[in-house]
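The next block is my_file-v1.cif, given as mmCIF, C-alpha atoms.
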data_target
loop_
_atom_site.label_atom_id
_atom_site.label_comp_id
_atom_site.auth_asym_id
_atom_site.auth_seq_id
_atom_site.Cartn_x
_atom_site.Cartn_y
_atom_site.Cartn_z
CA MET A 1 21.73 -18.21 25.91
CA SER A 2 20.24 -14.91 24.70
CA GLY A 3 16.76 -15.57 26.04
CA LEU A 4 15.24 -14.36 22.77
CA GLN A 5 12.10 -16.02 21.44
CA VAL A 6 10.81 -16.31 17.86
CA SER A 7 7.13 -16.23 16.94
CA ALA A 8 5.51 -16.49 13.50
CA TRP A 9 2.92 -13.93 12.31
CA LYS A 10 0.83 -14.06 9.11
CA ARG A 11 -1.76 -11.39 8.31
CA TYR A 12 -2.73 -9.03 5.45
CA GLY A 13 -0.45 -10.87 3.02
CA HIS A 14 2.62 -10.59 5.27
CA ASP A 15 4.70 -13.52 6.57
CA ARG A 16 6.98 -12.45 9.41
CA LEU A 17 9.05 -13.83 12.25
CA TYR A 18 9.12 -11.63 15.35
CA VAL A 19 12.03 -11.84 17.78
CA ASN A 20 11.08 -10.89 21.33
CA GLN A 21 12.71 -10.81 24.73
CA SER A 22 11.30 -13.07 27.44
CA ASP A 23 9.27 -10.11 28.79
CA GLY A 24 7.59 -9.69 25.38
CA LYS A 25 9.56 -6.64 24.23
CA LYS A 26 10.15 -6.71 20.46
CA VAL A 27 13.79 -6.79 19.39
CA ALA A 28 13.48 -7.43 15.64
CA TRP A 29 11.30 -8.86 12.92
CA LEU A 30 12.06 -10.65 9.68
CA ASP A 31 9.91 -10.42 6.56
CA ARG A 32 10.21 -13.98 5.24
CA SER A 33 9.09 -13.09 1.70
CA THR A 34 11.67 -10.33 1.21
CA GLY A 35 14.44 -11.40 3.60
CA TYR A 36 14.29 -7.91 5.13
CA LEU A 37 15.28 -7.77 8.81
CA THR A 38 14.18 -4.82 10.95
CA LEU A 39 16.38 -4.40 14.01
CA LEU A 40 14.80 -2.45 16.86
CA VAL A 41 17.73 -3.05 19.23
CA GLU A 42 21.00 -2.78 17.30
CA GLU A 43 23.03 -4.19 20.20
CA GLN A 44 21.18 -7.50 19.83
CA ARG A 45 22.08 -7.97 16.14
CA ASP A 46 24.28 -11.06 16.63
CA ALA A 47 21.84 -12.68 19.06
CA VAL A 48 18.94 -12.04 16.66
CA LEU A 49 20.79 -13.63 13.73
CA ASP A 50 21.67 -16.63 15.92
CA VAL A 51 18.10 -17.24 17.03
CA LEU A 52 16.78 -16.85 13.47
CA ALA A 53 19.38 -19.20 11.98
CA PRO A 54 17.18 -22.36 12.21
CA TYR A 55 14.50 -20.61 10.14
CA LEU A 56 16.82 -19.60 7.30
CA THR A 57 18.02 -21.64 4.36
CA ALA A 58 21.63 -21.68 3.26
CA SER A 59 20.87 -19.23 0.47
CA SER A 60 18.72 -16.80 2.45
CA SER A 61 20.74 -14.31 4.45
CA PRO A 62 18.59 -11.48 5.85
CA VAL A 63 19.27 -7.89 4.87
CA ALA A 64 19.23 -5.70 7.97
CA HIS A 65 18.35 -2.03 7.78
CA LYS A 66 17.87 0.95 10.04
CA ALA A 67 15.21 0.30 12.62
CA LEU A 68 12.06 2.37 12.54
CA LEU A 69 9.89 3.04 15.54
CA PRO A 70 6.60 1.16 15.06
CA GLU A 71 4.64 4.41 14.78
CA ASN A 72 6.90 5.54 11.91
CA ASP A 73 6.95 2.25 9.97
CA LEU A 74 4.26 2.28 7.28
CA ALA A 75 4.85 -1.37 6.33
CA GLY A 76 2.15 -2.44 8.76
CA ASN A 77 -0.53 -0.20 7.26
CA ARG A 78 -3.49 -2.10 5.86
CA PRO A 79 -5.31 -1.25 2.63
CA GLY A 80 -7.94 1.38 3.35
CA ASP A 81 -6.73 2.34 6.84
CA ALA A 82 -7.39 6.03 6.16
CA LEU A 83 -10.89 5.30 4.85
CA GLN A 84 -11.63 3.04 7.81
CA MET A 85 -11.06 6.01 10.12
CA LYS A 86 -13.51 8.07 8.05
CA VAL A 87 -16.11 5.29 8.11
CA ASP A 88 -15.79 4.98 11.88
CA GLU A 89 -16.18 8.74 12.24
CA LEU A 90 -19.30 8.97 10.06
CA THR A 91 -21.10 5.77 11.04
CA PRO A 92 -24.24 6.79 12.99
CA GLY A 93 -25.75 5.16 16.03
CA PHE A 94 -27.99 2.13 15.64
CA TRP A 95 -31.36 3.95 15.57
CA ARG A 96 -30.25 6.55 13.06
CA TRP A 97 -28.78 3.80 10.90
CA ALA A 98 -31.98 1.72 11.13
CA LEU A 99 -34.16 4.74 10.22
CA ALA A 100 -32.01 5.46 7.17
CA ARG A 101 -32.25 1.86 6.03
CA LEU A 102 -36.02 1.75 6.48
CA SER A 103 -36.44 4.95 4.47
CA GLY A 104 -34.07 3.75 1.74
CA ARG A 105 -31.80 6.73 2.30
CA ARG A 106 -28.06 6.37 1.79
CA LEU A 107 -25.75 7.53 4.52
CA GLU A 108 -22.58 9.52 3.96
CA ALA A 109 -20.58 6.64 5.41
CA ASP A 110 -21.86 4.30 2.66
CA SER A 111 -19.75 5.86 -0.10
CA TRP A 112 -16.66 5.79 2.11
CA ARG A 113 -17.40 2.15 2.95
CA ALA A 114 -17.55 1.29 -0.77
CA GLY A 115 -14.18 2.96 -1.27
CA LEU A 116 -12.77 0.99 1.66
CA ALA A 117 -13.92 -2.29 0.11
CA GLY A 118 -12.32 -1.27 -3.20
CA GLU A 119 -8.96 -0.48 -1.62
CA ARG A 120 -8.97 -3.79 0.19
CA ARG A 121 -9.65 -5.68 -3.03
CA VAL A 122 -6.86 -3.91 -4.90
CA GLY A 123 -4.56 -4.26 -1.89
CA ALA A 124 -5.10 -8.02 -1.81
CA GLU A 125 -4.19 -8.28 -5.50
CA LEU A 126 -1.07 -6.16 -5.02
CA GLU A 127 0.11 -8.33 -2.13
CA ARG A 128 0.22 -11.29 -4.54
CA LEU A 129 3.10 -9.55 -6.31
CA VAL A 130 5.37 -9.77 -3.24
CA ARG A 131 6.43 -13.30 -4.20
CA ARG A 132 7.60 -11.84 -7.53
CA GLY A 133 10.03 -9.43 -5.87
CA TRP A 134 7.68 -6.46 -5.46
CA ARG A 135 7.17 -4.41 -2.29
CA VAL A 136 3.79 -2.92 -1.40
CA LEU A 137 2.69 -0.17 0.98
CA HIS A 138 -0.81 1.05 1.69
CA SER A 139 -2.47 4.19 3.05
CA ILE A 140 0.58 6.46 2.82
CA PRO A 141 -0.20 9.71 4.70
CA LEU A 142 0.76 12.99 3.01
CA ALA A 143 0.68 16.55 4.27
CA GLY A 144 -2.74 18.17 3.99
CA ASP A 145 -4.73 15.27 5.48
CA VAL A 146 -4.65 13.21 2.27
CA ASP A 147 -3.10 9.84 1.50
CA ILE A 148 -1.84 7.64 -1.31
CA ASP A 149 -3.91 4.46 -1.58
CA HIS A 150 -1.04 2.16 -2.57
CA VAL A 151 2.65 2.42 -3.46
CA LEU A 152 4.13 -0.44 -5.47
CA ILE A 153 7.92 -0.82 -5.79
CA GLY A 154 9.64 -3.58 -7.69
CA PRO A 155 11.53 -4.79 -10.75
CA GLY A 156 9.36 -2.69 -13.08
CA GLY A 157 9.82 0.55 -11.11
CA ALA A 158 7.68 2.50 -8.65
CA PHE A 159 3.96 3.23 -8.97
CA CYS A 160 1.34 5.25 -7.13
CA ILE A 161 -1.98 3.43 -7.42
CA ASN A 162 -5.20 5.34 -6.91
CA THR A 163 -8.20 3.06 -6.36
CA LYS A 164 -11.73 4.02 -7.41
CA CYS A 165 -14.81 1.91 -6.72
CA HIS A 166 -17.86 2.55 -8.94
CA ARG A 167 -19.89 -0.64 -8.80
CA GLY A 168 -21.62 -1.52 -12.06
CA ALA A 169 -20.64 1.76 -13.74
CA ARG A 170 -19.54 2.38 -17.32
CA VAL A 171 -16.30 4.33 -17.10
CA TRP A 172 -14.65 6.42 -19.80
CA VAL A 173 -11.11 7.63 -19.14
CA GLY A 174 -9.76 10.58 -21.11
CA ASP A 175 -6.43 12.39 -21.16
CA ASP A 176 -7.26 14.52 -18.10
CA SER A 177 -10.53 13.37 -16.58
CA VAL A 178 -12.94 10.47 -16.15
CA ARG A 179 -16.62 10.38 -17.09
CA ILE A 180 -19.05 8.20 -15.15
CA GLY A 181 -22.82 8.47 -15.51
CA GLY A 182 -22.67 11.91 -17.08
CA GLN A 183 -20.37 13.31 -14.40
CA SER A 184 -16.73 14.28 -14.81
CA TYR A 185 -14.07 13.42 -12.22
CA PRO A 186 -10.46 14.73 -12.11
CA TYR A 187 -9.01 11.30 -11.36
CA VAL A 188 -6.37 11.41 -14.11
CA ARG A 189 -5.00 14.83 -13.14
CA LYS A 190 -4.98 13.88 -9.47
CA SER A 191 -3.13 10.64 -10.21
CA ARG A 192 -0.42 12.55 -12.04
CA ALA A 193 -0.08 15.07 -9.22
CA GLU A 194 0.05 12.29 -6.62
CA ALA A 195 2.84 10.49 -8.48
CA GLN A 196 4.81 13.73 -8.76
CA ARG A 197 4.55 14.27 -5.01
CA ALA A 198 5.69 10.71 -4.38
CA SER A 199 8.60 11.05 -6.79
CA ALA A 200 9.77 14.25 -5.10
CA ALA A 201 9.52 12.68 -1.64
CA LEU A 202 11.39 9.51 -2.54
CA THR A 203 14.05 11.37 -4.54
CA ARG A 204 14.70 13.60 -1.53
CA ALA A 205 14.88 10.62 0.85
CA CYS A 206 17.01 8.36 -1.37
CA GLY A 207 19.45 10.96 -2.68
CA PHE A 208 19.01 9.83 -6.29
CA PRO A 209 16.18 10.34 -8.83
CA VAL A 210 13.18 8.09 -8.25
CA GLU A 211 10.53 8.21 -10.95
CA VAL A 212 7.08 7.22 -9.73
CA GLN A 213 4.47 6.37 -12.33
CA PRO A 214 0.75 7.04 -11.77
CA ALA A 215 -1.89 4.32 -12.04
CA LEU A 216 -5.67 4.21 -11.70
CA ALA A 217 -7.31 0.98 -10.56
CA PHE A 218 -11.09 0.69 -11.01
CA VAL A 219 -13.05 -1.81 -8.93
CA ALA A 220 -16.32 -3.58 -9.81
CA VAL A 221 -17.08 -1.50 -12.92
CA ALA A 222 -19.22 -2.89 -15.75
CA GLU A 223 -17.16 -1.36 -18.53
CA LEU A 224 -13.86 0.50 -18.78
CA LYS A 225 -12.82 2.45 -21.88
CA VAL A 226 -9.53 4.36 -22.10
CA VAL A 227 -8.56 6.77 -24.88
CA PRO A 228 -5.48 5.52 -26.80
CA SER A 229 -3.74 8.89 -26.36
CA LEU A 230 -3.45 8.43 -22.58
CA ARG A 231 0.05 7.02 -22.15
CA ASP A 232 1.49 8.43 -18.94
CA VAL A 233 -1.18 7.07 -16.55
CA ARG A 234 -1.72 3.32 -16.36
CA VAL A 235 -5.45 2.45 -16.16
CA LEU A 236 -6.68 -1.01 -15.20
CA GLN A 237 -9.26 -3.01 -13.30
CA GLU A 238 -8.41 -4.86 -10.10
CA ARG A 239 -8.36 -8.20 -11.89
CA ASP A 240 -5.58 -6.88 -14.16
CA ILE A 241 -3.12 -6.09 -11.35
CA THR A 242 -1.08 -9.13 -12.37
CA VAL A 243 0.20 -7.23 -15.44
CA PHE A 244 2.82 -5.60 -13.21
CA LYS A 245 4.70 -8.89 -12.87
CA HIS A 246 5.25 -8.92 -16.64
CA LEU A 247 6.92 -5.49 -16.78
CA LYS A 248 10.50 -5.26 -17.93
CA ALA A 249 12.83 -5.61 -14.95
CA ASP A 250 14.69 -2.29 -14.93
CA TRP A 251 15.36 -2.11 -11.18
CA ARG A 252 17.94 -4.25 -9.41
CA PRO A 253 17.04 -5.81 -6.02
CA ASP A 254 19.34 -3.43 -4.13
CA LYS A 255 17.61 -0.38 -5.63
CA ILE A 256 14.20 -1.86 -4.84
CA GLU A 257 15.17 -2.30 -1.19
CA LEU A 258 16.67 1.20 -0.91
CA VAL A 259 13.52 2.85 -2.27
CA TYR A 260 11.25 0.60 -0.23
CA SER A 261 13.20 1.40 2.94
CA ALA A 262 12.71 5.12 2.30
CA ALA A 263 9.04 4.70 1.36
CA ARG A 264 8.08 2.86 4.52
CA ASP A 265 9.43 5.67 6.75
CA ARG A 266 6.64 8.09 7.69
CA HIS A 267 9.14 10.97 7.81
CA THR A 268 9.75 10.61 4.07
CA TRP A 269 6.22 11.85 3.39
CA ILE A 270 5.80 14.54 6.05
CA ARG A 271 6.71 17.45 3.75
CA SER A 272 5.09 15.95 0.65
#
When written as structure tokens, how does the structure in this file appear?
Amino acid sequence: MSGLQVSAWKRYGHDRLYVNQSDGKKVAWLDRSTGYLTLLVEEQRDAVLDVLAPYLTASSSPVAHKALLPENDLAGNRPGDALQMKVDELTPGFWRWALARLSGRRLEADSWRAGLAGERRVGAELERLVRRGWRVLHSIPLAGDVDIDHVLIGPGGAFCINTKCHRGARVWVGDDSVRIGGQSYPYVRKSRAEAQRASAALTRACGFPVEVQPALAFVAVAELKVVPSLRDVRVLQERDITVFKHLKADWRPDKIELVYSAARDRHTWIRS
């Protein structure tokens, strides 16, 4: 007997089986929706496959890949993790918070908190695509203390999704910028630049060209208008995320897994 134990784990849209030693040390984990097996102890491969066998169907053989240290595996990142850190940093003590509320004054943390809620809403919608063969990552850290909100990889290709929350706003999206309440925001240009950085990083890590398409997802807006001439940046509301499952399937499953494997490794993005 190997002494390995299997435990189920379901959170944040993930469905996994963890394989642990009797002392609690993790040996491997299986993503049940993708069939992807992460081996942390290569020497235990056969024992891991044996202990997982009762949980697998005849047609589902797990695909094992290079193990990542937990701190380097971005698959466990939750939507808005980077913003949550900012909210925690800026949230004042109780008395300062109470005084601001009594005076009707907004705190700096409030805008970050709205963005966090938006990323979580979009993230939840993206996770629904996993059952359709898509892979999703959130809060991808880049050099320069910035991050990509979401990376979506699947049959229709790879996408960088930038989430913006402007509750109740009327939004106009042009070829290079966005207008909201008389103000102009460089969201379109930044989305393009973000996708280019992601494409360069994944191409370098995979060893073959990986095109990443930019997308803007608006949350809780009252109206969204997009100029017809904008063709290279996909613009949508969070309720329209399901359109991705209808895209033409240009990527084979093996390519999806190769790109996803590279994307979930923190080292892929260090120089980006």
Using all atoms listed in the file, find each residue of range 208-263 of chain A with at least one atom at most 12 Å away from an atom of range 32-51 of chain A; report its shortest atom-to-atom pair and that distance in Å (one decimal), sort the rows by chain and rising residue number, and return the result as CSV.
residue,atom,partner,partner_atom,distance
A:Pro253,CA,A:Thr34,CA,10.1
A:Asp254,CA,A:Tyr36,CA,11.5
A:Ile256,CA,A:Thr34,CA,10.7
A:Glu257,CA,A:Tyr36,CA,8.5
A:Leu258,CA,A:Tyr36,CA,11.2
A:Tyr260,CA,A:Tyr36,CA,10.5
A:Ser261,CA,A:Tyr36,CA,9.6
Store the residues of this selection in a file with C-alpha atoms, as a compact mmCIF listing (two decimals), in the frame of the given file.
# COMPACT_ATOMS: atom_id res chain seq x y z
CA PRO A 253 17.04 -5.81 -6.02
CA ASP A 254 19.34 -3.43 -4.13
CA ILE A 256 14.20 -1.86 -4.84
CA GLU A 257 15.17 -2.30 -1.19
CA LEU A 258 16.67 1.20 -0.91
CA TYR A 260 11.25 0.60 -0.23
CA SER A 261 13.20 1.40 2.94
For Leu202 in chain A: contacts at 8 Å, all atoms listed in the file, fewer than 6 positions along chain excluded, given as a compact mmCIF listing (two decimals) with C-alpha atoms, in the coordinates of the input:
# COMPACT_ATOMS: atom_id res chain seq x y z
CA PRO A 209 16.18 10.34 -8.83
CA VAL A 210 13.18 8.09 -8.25
CA VAL A 259 13.52 2.85 -2.27
CA ALA A 262 12.71 5.12 2.30
CA ALA A 263 9.04 4.70 1.36
CA THR A 268 9.75 10.61 4.07
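Of note, CA of Cys165 in chain A and CA of Gly115 in chain A are spaced 5.6 Å apart.
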Considering all atoms listed in the file, state which residue in the set A:Val233, A:Cys206, A:Val171, A:Val226 is at the smallest distance from Lys255 in chain A. A:Cys206
Could you give me, as a PyMOL selection string, the residues that have an atom at most 7 Å away from the point (-5.0, -1.6, 4.6) in the coordinates of the file, using all atoms listed in the file? chain A and resi 77-81+120+138-139
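Computed from the coordinates, the CA of Gln84 in chain A to CA of Gly118 in chain A distance equals 11.8 Å.
Excluding Val122 in chain A itself and same-chain residues fewer than 5 positions from it, the residues having an atom within 8 Å of it are Thr163, Ala217, Val219, Glu238 and Ile241 of chain A, counting all atoms listed in the file.
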For His166 in chain A, work out the shell of residues within 8 Å, counting all atoms listed in the file and skipping chain neighbours fewer than 2 positions away, then give it as number ranges by chain. A: 164, 168-169, 218-221
Residue members of the PyMOL selection byres ((chain A and resi 137) around 6) in the file shown, as a compact mmCIF listing (two decimals) with C-alpha atoms, in the frame of the given file:
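Output saved as out_11.txt:
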# COMPACT_ATOMS: atom_id res chain seq x y z
CA ALA A 75 4.85 -1.37 6.33
CA VAL A 136 3.79 -2.92 -1.40
CA HIS A 138 -0.81 1.05 1.69
CA HIS A 150 -1.04 2.16 -2.57
CA VAL A 151 2.65 2.42 -3.46
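Residue nearest Leu129 in chain A, chosen from A:Thr203, A:Trp269, A:Leu152, A:Ala82 and counting all atoms listed in the file: A:Leu152.
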Return the padded bounding box of range 129-136 of chain A as lines of an AutoDock Vina configuration file: axis-aligned, built from all atoms listed in the file, 4 Å added on each side, with centre and edge lengths in Å to one decimal.
center_x = 6.6
center_y = -8.1
center_z = -4.5
size_x = 14.9
size_y = 18.4
size_z = 14.1
Reference answer for the PyMOL selection byres ((chain A and resi 271) around 10), as a PDB file with C-alpha atoms, in the frame of the given file:
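Done, and the output landed in part34.pdb:
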ATOM      1  CA  LEU A 142       0.760  12.990   3.010  1.00  0.00           C
ATOM      2  CA  ALA A 143       0.680  16.550   4.270  1.00  0.00           C
ATOM      3  CA  GLY A 144      -2.740  18.170   3.990  1.00  0.00           C
ATOM      4  CA  ARG A 197       4.550  14.270  -5.010  1.00  0.00           C
ATOM      5  CA  ALA A 200       9.770  14.250  -5.100  1.00  0.00           C
ATOM      6  CA  ALA A 201       9.520  12.680  -1.640  1.00  0.00           C
ATOM      7  CA  HIS A 267       9.140  10.970   7.810  1.00  0.00           C
ATOM      8  CA  THR A 268       9.750  10.610   4.070  1.00  0.00           C
ATOM      9  CA  TRP A 269       6.220  11.850   3.390  1.00  0.00           C
ATOM     10  CA  ILE A 270       5.800  14.540   6.050  1.00  0.00           C
ATOM     11  CA  SER A 272       5.090  15.950   0.650  1.00  0.00           C
TER      12      SER A 272
END
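Our summary of the geometry notes that CA of Glu127 in chain A is positioned 27.0 Å from CA of Arg170 in chain A.
The residues caught by the PyMOL selection byres ((chain A and resi 192) around 10) in this file are Cys160, Asp176, Tyr187, Val188, Arg189, Lys190, Ser191, Ala193, Glu194, Ala195, Gln196, Arg197, Ala198, Val212, Gln213, Pro214, Ala215, Leu216, Asp232 and Val233 of chain A.
The shell of residues at most 7 Å from Pro155 in chain A, with all atoms listed in the file counted and near chain neighbours (fewer than 6 positions) removed, consists of Gly133, Trp134, Ala249, Asp250, Trp251 and Arg252 of chain A.
If only C-alpha atoms are the atoms counted, then among A:Trp172, A:Arg135, A:Asp145, A:Asn72 the closest residue to Asp265 in chain A is A:Asn72.
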